[in-house]
Amino acid sequence: MTTRPISLCHWGAFEAEIADGRLIAARPLPGSGADAQMIGDWPDLVYSSTRIRQPHIRKSFLQRGHSCGGAGRGTDDMIPVDWDTALDLAASELSRVHQNHGPSAVFGGSYGWSSAGRFHHARSQLQRFLAAAGGFTNVTGNYSWGAAQMLLPHVLGSDSAVSHAATDWQTIASDSDVVVAFGGLNAKNWRVTSGGAGAHRLPDAVARAAARGVRFVAVSPQAQDLPPGVDATLIQPRPGSDTAILLALAHEALISGRADLAFLDRYTTGSDAFCGYLRGDGDGQAKTLDWAAGLADVPVATLRALWTAIATGRVMLTASWSLQRAHHGEQPYWALIALAAMLGQIGLPGGGFCFGYGSMNGVGATGRRGFVPALPPVANPVQSPIPVACFADAIAHPGKKIAFNGRHVTYPDIRLIWWAGGNPFHHGQDLNALQAAWQRPETIIVNEPWWTPTAQRADIVFPSTTTVERTDIGGTSRDLFVFPMHRLIDPVGQSRDDFATFVAIADRLGCRAAFDEGRDDLSWLRHLWGRSEAHGLSEGLKMPNFDTFWNGGPWAVPPLEAPEVLLQEFRSAPETHPLGTPSGKIELWSETVAGFGYDDCPPQPTWLEPAEWLGRAAPDELHLVTNQPARQLHSQLYQSGGAKAPQAIQLHPADAGDRGLANGDIVRVFNARGACRATVQLDDGLRRGVAIMATGAWFDPDPDGDERNGNPNVLTAQRQTSRLAQGCAALSTLVRVTRAAPL
Ligand SMILES: Nc1nc2c(c(=O)[nH]1)N[C@H]1C(S)=C(S)[C@@H](COP(=O)(O)OP(=O)(O)OC[C@H]3O[C@@H](n4cnc5c(=O)[nH]c(N)nc54)[C@H](O)[C@@H]3O)O[C@H]1N2
Ligand SMILES: Nc1nc2c(c(=O)[nH]1)N[C@H]1C(S)=C(S)[C@@H](COP(=O)(O)OP(=O)(O)OC[C@H]3O[C@@H](n4cnc5c(=O)[nH]c(N)nc54)[C@H](O)[C@@H]3O)O[C@H]1N2
Ligand SMILES: [Mo]
């Protein structure tokens, strides 16, 4: 029998074709706009030869327990065992470490995207379980916009403007004259959203804006970042030089008399100090267009034209998240807000600033929020999280004290790591350093559906189901739908839901009631839906009851009634709607940040040279941009779609020519931290001196340590954005490229 049920994943809504209990095809839900190739990979993913079909234990660990040491992780054989053996061992390891070393010795930060489906979200399940079992060291901050996450509360009083709050696209279409997008508006990033989107409407939104005459300018090293299908201007500065450009535009506003002094006075604090810096007080350098043109290595006429484009009319300034995943990544965001403040249009329809339009589906969409269920956490007794991008440093250096956002964090002595729903051997920087640190803990446990590089490097591995093998509710804030997700097929092999794995261990540890609260998965969904219904009622919205929702199709979330304009309330009445900053205003100079005394994050937007960039590169070095993969979600979907050459490296034809390289050549990309192979892909839309490799290849070092699949995180550094945010700074990396020796 064939059925065609509907479901959801991070890369969109799909119609599955099920025949005789097997998933045989998946297609985008008609009209949803999801990517057909990514969706079509589902059967390949589910039945992949890389699925983990039963629990496994590393051979030496099985024979000798944790005293065997961690050196064999990734090279020892993995031995298939029955469920009870693996569950018993995991339970006894967790209680041993809890008893001997306390809960902070258990690292359960477990960063990662997991899968769509809000109840079975693997990381949330793991963290509920570890908290119920006695506690764990967590992480704070995210990879995506970690620098902004820590900085913006000092500037705007909250981090919501990075992703949750944004002027909607309809307002941009109706009110903006110009959109200047630092980092561009790359359509590939709109294919995904955490939790899964039922609609991918941003390409239409850009087209509608362009049809009304909105002009787009993209500032980015590559033409591929231009918004699709519209006639946009491209400016290609050196990566990492955006802050200089933004400061120079602000300086131009100041000296031309265009700066809105009344806005600065009423809505900001610290503009005197900021303007003083622009004029060169302190460092003797006026932040002129000529100065910025030198640093960015673009003609000064280009920057003057950009100034002319934004000097009049309604201007929306935006930056992708990539700008702040770089050394001193706090600065371009602060500088962009400061420039928007000078132009005086913050809080007006279609003007001011917003972040992330080009970074993820749903930014600037109009769905009402708060209806998608989320698994509530269990209180964690350990209240000293480490900054997320510091996890490898923390594993390597117990007791080390680091500065972080005005305080200090002392790394705990991590003895046990448990990861579910993330792939640190994909997302971490300097993977060779991670691989060395990874040997140190006594015990490493991983829940995974697939034999990822992380699962390969565990002591105990639990096989997890995928979304199509379980029962859930899917959706994401701002999307227009919430989906019932029925179990479509039986679990593959002996895999179990992460929830079921944790129930079984909690049972052994005597903390089951605190973890599952006596509910099975369907009762949880009913309970979580009830919470959403209560939220709806508080907003005067009657939602369908659980049974109606569960037996019907996706529930359409009503859109926002009024257009959304970032900081509109604040603009209309700053006295009654002050920001959460100490001054209640936008802080262009922050006394709090000044009090931290960090030279890598001064109290006002400042040009700080990145440690690695083309401004101080050797002639044969290239700036490597490691962006998000077009047809993968990070390392997910790498395993589907058949045999692969090493990941592509995009090079400008002249840079390739200088090295005697042609399209399709296999190259070695290297620096002092590591090396990987890659396949040359020529791209004449690229700025010279810049190379691009998407993240997402599975880490696979050869015996000499060269990574074979093209995972660029062997090249990136563990250096963070600054002491303020300790954010991921992967986008500041210099490399060299040569033809690879034959294998
Ligand atoms: N160089 C460089 N590095 C980067 C970035 C960059 O721009 N450049 N970007 C960073 C950013 S922004 C991010 S968000 C991270 C992303 O990094 P990750 O979030 O680690 O990436 P994913 O590959 O999505 O990892 C999710 C893992 O969960 C597993 N999984 C999926 N479903 C389930 C489930 O139901 N149960 C269990 N147990 N496991 C499941 C998947 O198989 C996969 O291995 O990478 C970061 N790293
Ligand atoms: N298809 C797909 N989409 C995704 C993801 C995925 O894995 N696959 N991941 C999602 C996640 S978790 C996140 S956090 C977002 C990330 O969203 P972003 O961080 O915005 O995305 P990236 O693709 O890393 O970078 C966007 C572009 O910024 C440009 N850029 C890089 N450095 C600089 C610079 O110094 N200056 C300027 N002006 N431009 C620069 C690059 O050319 C790059 O193409 O993407 C999300 N979207
Ligand atoms: Mo991200």
# chains A, B, ... in the order shown; residues from 1 in each chain; ligands from 1

call {"tool": "closest_atom_pairs", "arguments": {"of": "chain A", "to": "ligand 2", "cutoff": "6 Å", "atoms": "only C-alpha atoms and all ligand atoms", "output": "CSV"}}
result
residue,atom,partner,partner_atom_place_in_ligand_line,distance
A:Ser144,CA,ligand 2,14 (S),3.6
A:Phe182,CA,ligand 2,38 (N),4.5
A:Gly183,CA,ligand 2,39 (N),3.5
A:Lys188,CA,ligand 2,1 (N),4.7
A:Asn189,CA,ligand 2,3 (N),3.4
A:Trp190,CA,ligand 2,3 (N),5.9
A:Arg191,CA,ligand 2,1 (N),5.2
A:Val192,CA,ligand 2,3 (N),5.1
A:Val219,CA,ligand 2,38 (N),4.8
A:Ser220,CA,ligand 2,38 (N),3.9
A:Pro221,CA,ligand 2,42 (O),5.3
A:Gln222,CA,ligand 2,42 (O),5.2
A:Asp225,CA,ligand 2,44 (O),5.5
A:Pro239,CA,ligand 2,35 (O),3.4
A:Gly240,CA,ligand 2,35 (O),3.8
A:Asp242,CA,ligand 2,36 (N),5.8
A:Ser320,CA,ligand 2,20 (O),4.1
A:Trp321,CA,ligand 2,19 (O),4.0
A:Ser322,CA,ligand 2,19 (O),3.2
A:Leu323,CA,ligand 2,34 (C),5.1
A:Gly358,CA,ligand 2,20 (O),5.6
A:Ser359,CA,ligand 2,17 (O),3.6
A:Met360,CA,ligand 2,46 (C),4.7
A:Val625,CA,ligand 2,31 (C),5.6
A:Asn627,CA,ligand 2,24 (O),3.5
A:Gln628,CA,ligand 2,23 (O),4.0
A:Pro629,CA,ligand 2,8 (N),4.7
A:Ala630,CA,ligand 2,1 (N),4.1
A:Arg631,CA,ligand 2,1 (N),5.3
A:Gln632,CA,ligand 2,8 (N),5.1
A:Leu633,CA,ligand 2,7 (O),3.5
A:His634,CA,ligand 2,7 (O),3.9
A:Leu731,CA,ligand 2,32 (N),5.9

call {"tool": "write_last_selection", "arguments": {"atoms": "N, CA, C and O atoms", "output": "CSV table (one decimal), in the first residue's frame"}}
result
chain,number,residue,atom,x,y,z
A,144,SER,N,25.9,30.9,15.7
A,144,SER,CA,25.4,31.7,14.6
A,144,SER,C,25.7,33.2,14.7
A,144,SER,O,26.3,33.8,13.9
A,182,PHE,N,25.3,44.2,3.9
A,182,PHE,CA,26.7,43.8,4.2
A,182,PHE,C,26.6,42.3,4.3
A,182,PHE,O,25.9,41.8,5.2
A,183,GLY,N,27.4,41.5,3.6
A,183,GLY,CA,27.4,40.1,3.6
A,183,GLY,C,26.3,39.6,2.6
A,183,GLY,O,26.2,38.4,2.4
A,188,LYS,N,20.7,30.8,-0.8
A,188,LYS,CA,20.9,29.5,-0.3
A,188,LYS,C,20.6,29.4,1.2
A,188,LYS,O,20.2,28.4,1.7
A,189,ASN,N,20.9,30.5,1.9
A,189,ASN,CA,20.7,30.5,3.4
A,189,ASN,C,19.2,30.5,3.8
A,189,ASN,O,18.9,30.2,4.9
A,190,TRP,N,18.4,30.8,2.8
A,190,TRP,CA,16.9,30.9,3.1
A,190,TRP,C,16.3,29.5,3.0
A,190,TRP,O,15.1,29.3,3.2
A,191,ARG,N,17.1,28.5,2.6
A,191,ARG,CA,16.5,27.2,2.4
A,191,ARG,C,16.2,26.5,3.8
A,191,ARG,O,15.4,25.5,3.8
A,192,VAL,N,16.8,27.0,4.8
A,192,VAL,CA,16.7,26.3,6.1
A,192,VAL,C,16.2,27.2,7.2
A,192,VAL,O,16.4,28.4,7.1
A,219,VAL,N,27.4,44.2,-0.2
A,219,VAL,CA,28.8,44.4,0.1
A,219,VAL,C,29.3,43.0,0.5
A,219,VAL,O,28.9,42.5,1.6
A,220,SER,N,30.0,42.4,-0.3
A,220,SER,CA,30.4,41.0,-0.1
A,220,SER,C,31.6,40.6,-1.0
A,220,SER,O,31.7,41.1,-2.1
A,221,PRO,N,32.4,39.7,-0.6
A,221,PRO,CA,33.5,39.2,-1.5
A,221,PRO,C,33.0,38.4,-2.7
A,221,PRO,O,33.8,38.2,-3.6
A,222,GLN,N,31.8,38.0,-2.7
A,222,GLN,CA,31.4,37.2,-3.9
A,222,GLN,C,30.0,37.5,-4.5
A,222,GLN,O,29.1,37.8,-3.8
A,225,ASP,N,26.5,36.1,-3.5
A,225,ASP,CA,25.7,36.7,-2.3
A,225,ASP,C,24.7,37.7,-2.8
A,225,ASP,O,23.9,38.2,-2.0
A,239,PRO,N,37.5,40.8,3.0
A,239,PRO,CA,36.7,40.3,4.1
A,239,PRO,C,37.3,40.9,5.4
A,239,PRO,O,38.6,41.1,5.5
A,240,GLY,N,36.5,41.3,6.3
A,240,GLY,CA,36.9,41.8,7.6
A,240,GLY,C,37.1,43.3,7.6
A,240,GLY,O,37.6,43.8,8.7
A,242,ASP,N,34.6,45.6,6.8
A,242,ASP,CA,33.3,46.2,6.8
A,242,ASP,C,33.3,47.4,7.9
A,242,ASP,O,32.6,48.4,7.6
A,320,SER,N,24.6,40.4,7.4
A,320,SER,CA,24.4,39.0,7.6
A,320,SER,C,25.2,38.6,8.9
A,320,SER,O,26.1,39.3,9.3
A,321,TRP,N,24.8,37.5,9.4
A,321,TRP,CA,25.5,37.0,10.7
A,321,TRP,C,26.9,36.7,10.4
A,321,TRP,O,27.7,36.8,11.4
A,322,SER,N,27.3,36.4,9.2
A,322,SER,CA,28.7,36.0,8.9
A,322,SER,C,29.7,37.1,9.3
A,322,SER,O,30.8,36.9,9.8
A,323,LEU,N,29.2,38.4,9.2
A,323,LEU,CA,30.1,39.5,9.5
A,323,LEU,C,30.7,39.5,10.9
A,323,LEU,O,31.8,39.9,11.2
A,358,GLY,N,19.7,37.9,5.2
A,358,GLY,CA,20.3,37.0,4.2
A,358,GLY,C,20.8,35.7,4.9
A,358,GLY,O,21.5,34.9,4.2
A,359,SER,N,20.5,35.5,6.2
A,359,SER,CA,21.1,34.4,6.9
A,359,SER,C,20.2,33.2,7.1
A,359,SER,O,20.7,32.1,7.2
A,360,MET,N,18.9,33.4,7.2
A,360,MET,CA,18.1,32.3,7.6
A,360,MET,C,16.7,32.6,7.1
A,360,MET,O,16.2,33.7,7.2
A,625,VAL,N,37.0,32.1,3.3
A,625,VAL,CA,35.7,32.3,3.8
A,625,VAL,C,35.1,30.9,3.9
A,625,VAL,O,35.0,30.2,2.9
A,627,ASN,N,31.7,29.5,4.5
A,627,ASN,CA,30.3,29.8,4.7
A,627,ASN,C,29.4,28.6,4.8
A,627,ASN,O,29.9,27.5,4.8
A,628,GLN,N,28.1,28.8,4.8
A,628,GLN,CA,27.2,27.7,4.9
A,628,GLN,C,27.0,26.9,3.6
A,628,GLN,O,26.9,27.6,2.6
A,629,PRO,N,26.9,25.6,3.6
A,629,PRO,CA,26.7,24.9,2.4
A,629,PRO,C,25.4,25.1,1.8
A,629,PRO,O,24.4,25.2,2.5
A,630,ALA,N,25.3,25.1,0.4
A,630,ALA,CA,24.1,25.4,-0.3
A,630,ALA,C,23.1,24.3,-0.1
A,630,ALA,O,21.9,24.5,0.1
A,631,ARG,N,23.5,23.1,-0.4
A,631,ARG,CA,22.6,22.0,-0.4
A,631,ARG,C,22.8,21.0,0.8
A,631,ARG,O,22.5,19.8,0.7
A,632,GLN,N,23.3,21.5,1.9
A,632,GLN,CA,23.4,20.7,3.1
A,632,GLN,C,22.9,21.6,4.2
A,632,GLN,O,22.8,22.8,4.1
A,633,LEU,N,22.6,21.0,5.3
A,633,LEU,CA,22.4,21.7,6.6
A,633,LEU,C,23.7,21.3,7.4
A,633,LEU,O,23.7,20.3,8.0
A,634,HIS,N,24.7,22.2,7.4
A,634,HIS,CA,25.9,21.9,8.1
A,634,HIS,C,26.4,20.5,7.6
A,634,HIS,O,26.5,20.3,6.4
A,731,LEU,N,35.5,33.1,10.4
A,731,LEU,CA,35.6,33.6,9.1
A,731,LEU,C,36.9,34.5,8.9
A,731,LEU,O,37.1,35.0,7.8

call {"tool": "select_by_dssp", "arguments": {"residues": "stretch 242-409 of chain A", "states": "helix (DSSP H, G or I)", "output": "PyMOL selection string"}}
result
chain A and resi 242-256+261-267+271-279+289-296+300-311+321-324+330-343+388-396

call {"tool": "residues_around", "arguments": {"residues": "A:Ala122", "least_positions_apart": "3", "cutoff": "6 Å", "atoms": "only C-alpha atoms", "output": "PDB file with N, CA, C and O atoms, in the first residue's frame"}}
result
ATOM      1  N   SER A 114      20.497  19.377  15.910  1.00  0.00           N
ATOM      2  CA  SER A 114      19.566  18.258  16.099  1.00  0.00           C
ATOM      3  C   SER A 114      18.665  18.133  14.867  1.00  0.00           C
ATOM      4  O   SER A 114      19.116  18.345  13.747  1.00  0.00           O
ATOM      5  N   GLN A 125      16.418  17.169  24.847  1.00  0.00           N
ATOM      6  CA  GLN A 125      16.188  15.924  25.584  1.00  0.00           C
ATOM      7  C   GLN A 125      17.388  15.574  26.457  1.00  0.00           C
ATOM      8  O   GLN A 125      17.243  15.238  27.634  1.00  0.00           O
ATOM      9  N   ALA A 420      24.408  14.918  22.010  1.00  0.00           N
ATOM     10  CA  ALA A 420      23.246  14.425  21.252  1.00  0.00           C
ATOM     11  C   ALA A 420      22.736  15.575  20.402  1.00  0.00           C
ATOM     12  O   ALA A 420      22.385  16.627  20.918  1.00  0.00           O
ATOM     13  N   GLY A 421      22.723  15.394  19.085  1.00  0.00           N
ATOM     14  CA  GLY A 421      22.163  16.421  18.197  1.00  0.00           C
ATOM     15  C   GLY A 421      23.162  17.443  17.712  1.00  0.00           C
ATOM     16  O   GLY A 421      22.780  18.486  17.195  1.00  0.00           O
TER      17      GLY A 421
END

call {"tool": "closest_residue", "arguments": {"among": "A:Ser174, A:Asn138, A:Thr695, A:Thr576", "to": "ligand 3", "atoms": "only C-alpha atoms and all ligand atoms"}}
result
A:Thr695

call {"tool": "closest_residue", "arguments": {"among": "A:Gly21, A:Gly280, A:Pro653, A:Gly12", "to": "A:Arg487", "atoms": "only C-alpha atoms"}}
result
A:Gly21

call {"tool": "residues_near_ligand", "arguments": {"ligand": "ligand 3", "cutoff": "8 Å", "atoms": "only C-alpha atoms and all ligand atoms", "output": "PDB file with all heavy atoms, in the first residue's frame"}}
result
ATOM      1  N   ASN A 142      25.516  31.195  21.165  1.00  0.00           N
ATOM      2  CA  ASN A 142      25.399  30.297  20.010  1.00  0.00           C
ATOM      3  C   ASN A 142      26.520  30.567  19.015  1.00  0.00           C
ATOM      4  O   ASN A 142      27.262  31.530  19.140  1.00  0.00           O
ATOM      5  CB  ASN A 142      24.017  30.419  19.364  1.00  0.00           C
ATOM      6  CG  ASN A 142      23.753  31.788  18.769  1.00  0.00           C
ATOM      7  OD1 ASN A 142      24.633  32.397  18.157  1.00  0.00           O
ATOM      8  ND2 ASN A 142      22.545  32.298  18.936  1.00  0.00           N
ATOM      9  N   TYR A 143      26.646  29.677  18.047  1.00  0.00           N
ATOM     10  CA  TYR A 143      27.667  29.857  16.998  1.00  0.00           C
ATOM     11  C   TYR A 143      27.237  30.901  15.990  1.00  0.00           C
ATOM     12  O   TYR A 143      28.052  31.627  15.450  1.00  0.00           O
ATOM     13  CB  TYR A 143      27.913  28.525  16.268  1.00  0.00           C
ATOM     14  CG  TYR A 143      29.022  27.738  16.905  1.00  0.00           C
ATOM     15  CD1 TYR A 143      28.757  26.872  17.957  1.00  0.00           C
ATOM     16  CD2 TYR A 143      30.337  27.903  16.501  1.00  0.00           C
ATOM     17  CE1 TYR A 143      29.774  26.174  18.572  1.00  0.00           C
ATOM     18  CE2 TYR A 143      31.365  27.214  17.105  1.00  0.00           C
ATOM     19  CZ  TYR A 143      31.078  26.343  18.147  1.00  0.00           C
ATOM     20  OH  TYR A 143      32.096  25.677  18.752  1.00  0.00           O
ATOM     21  N   SER A 144      25.940  30.937  15.715  1.00  0.00           N
ATOM     22  CA  SER A 144      25.446  31.714  14.588  1.00  0.00           C
ATOM     23  C   SER A 144      25.722  33.195  14.745  1.00  0.00           C
ATOM     24  O   SER A 144      26.251  33.836  13.860  1.00  0.00           O
ATOM     25  CB  SER A 144      23.938  31.505  14.452  1.00  0.00           C
ATOM     26  OG  SER A 144      23.621  30.158  14.552  1.00  0.00           O
ATOM     27  N   TRP A 145      25.326  33.731  15.901  1.00  0.00           N
ATOM     28  CA  TRP A 145      25.475  35.172  16.122  1.00  0.00           C
ATOM     29  C   TRP A 145      25.933  35.454  17.546  1.00  0.00           C
ATOM     30  O   TRP A 145      25.424  36.315  18.247  1.00  0.00           O
ATOM     31  CB  TRP A 145      24.197  35.935  15.754  1.00  0.00           C
ATOM     32  CG  TRP A 145      22.888  35.217  15.949  1.00  0.00           C
ATOM     33  CD1 TRP A 145      22.249  34.430  15.029  1.00  0.00           C
ATOM     34  CD2 TRP A 145      22.032  35.222  17.112  1.00  0.00           C
ATOM     35  NE1 TRP A 145      21.064  33.950  15.549  1.00  0.00           N
ATOM     36  CE2 TRP A 145      20.904  34.429  16.811  1.00  0.00           C
ATOM     37  CE3 TRP A 145      22.110  35.827  18.369  1.00  0.00           C
ATOM     38  CZ2 TRP A 145      19.868  34.204  17.729  1.00  0.00           C
ATOM     39  CZ3 TRP A 145      21.075  35.617  19.276  1.00  0.00           C
ATOM     40  CH2 TRP A 145      19.975  34.815  18.948  1.00  0.00           C
TER      41      TRP A 145
END

call {"tool": "residues_near_ligand", "arguments": {"ligand": "ligand 1", "cutoff": "8 Å", "atoms": "only C-alpha atoms and all ligand atoms", "output": "PyMOL selection string"}}
result
chain A and resi 111-116+120-123+142-145+322+325+419-429+446-450+452+454+462-467+497-498+625-628+633-636+694-696+712-713+716+728+730-731
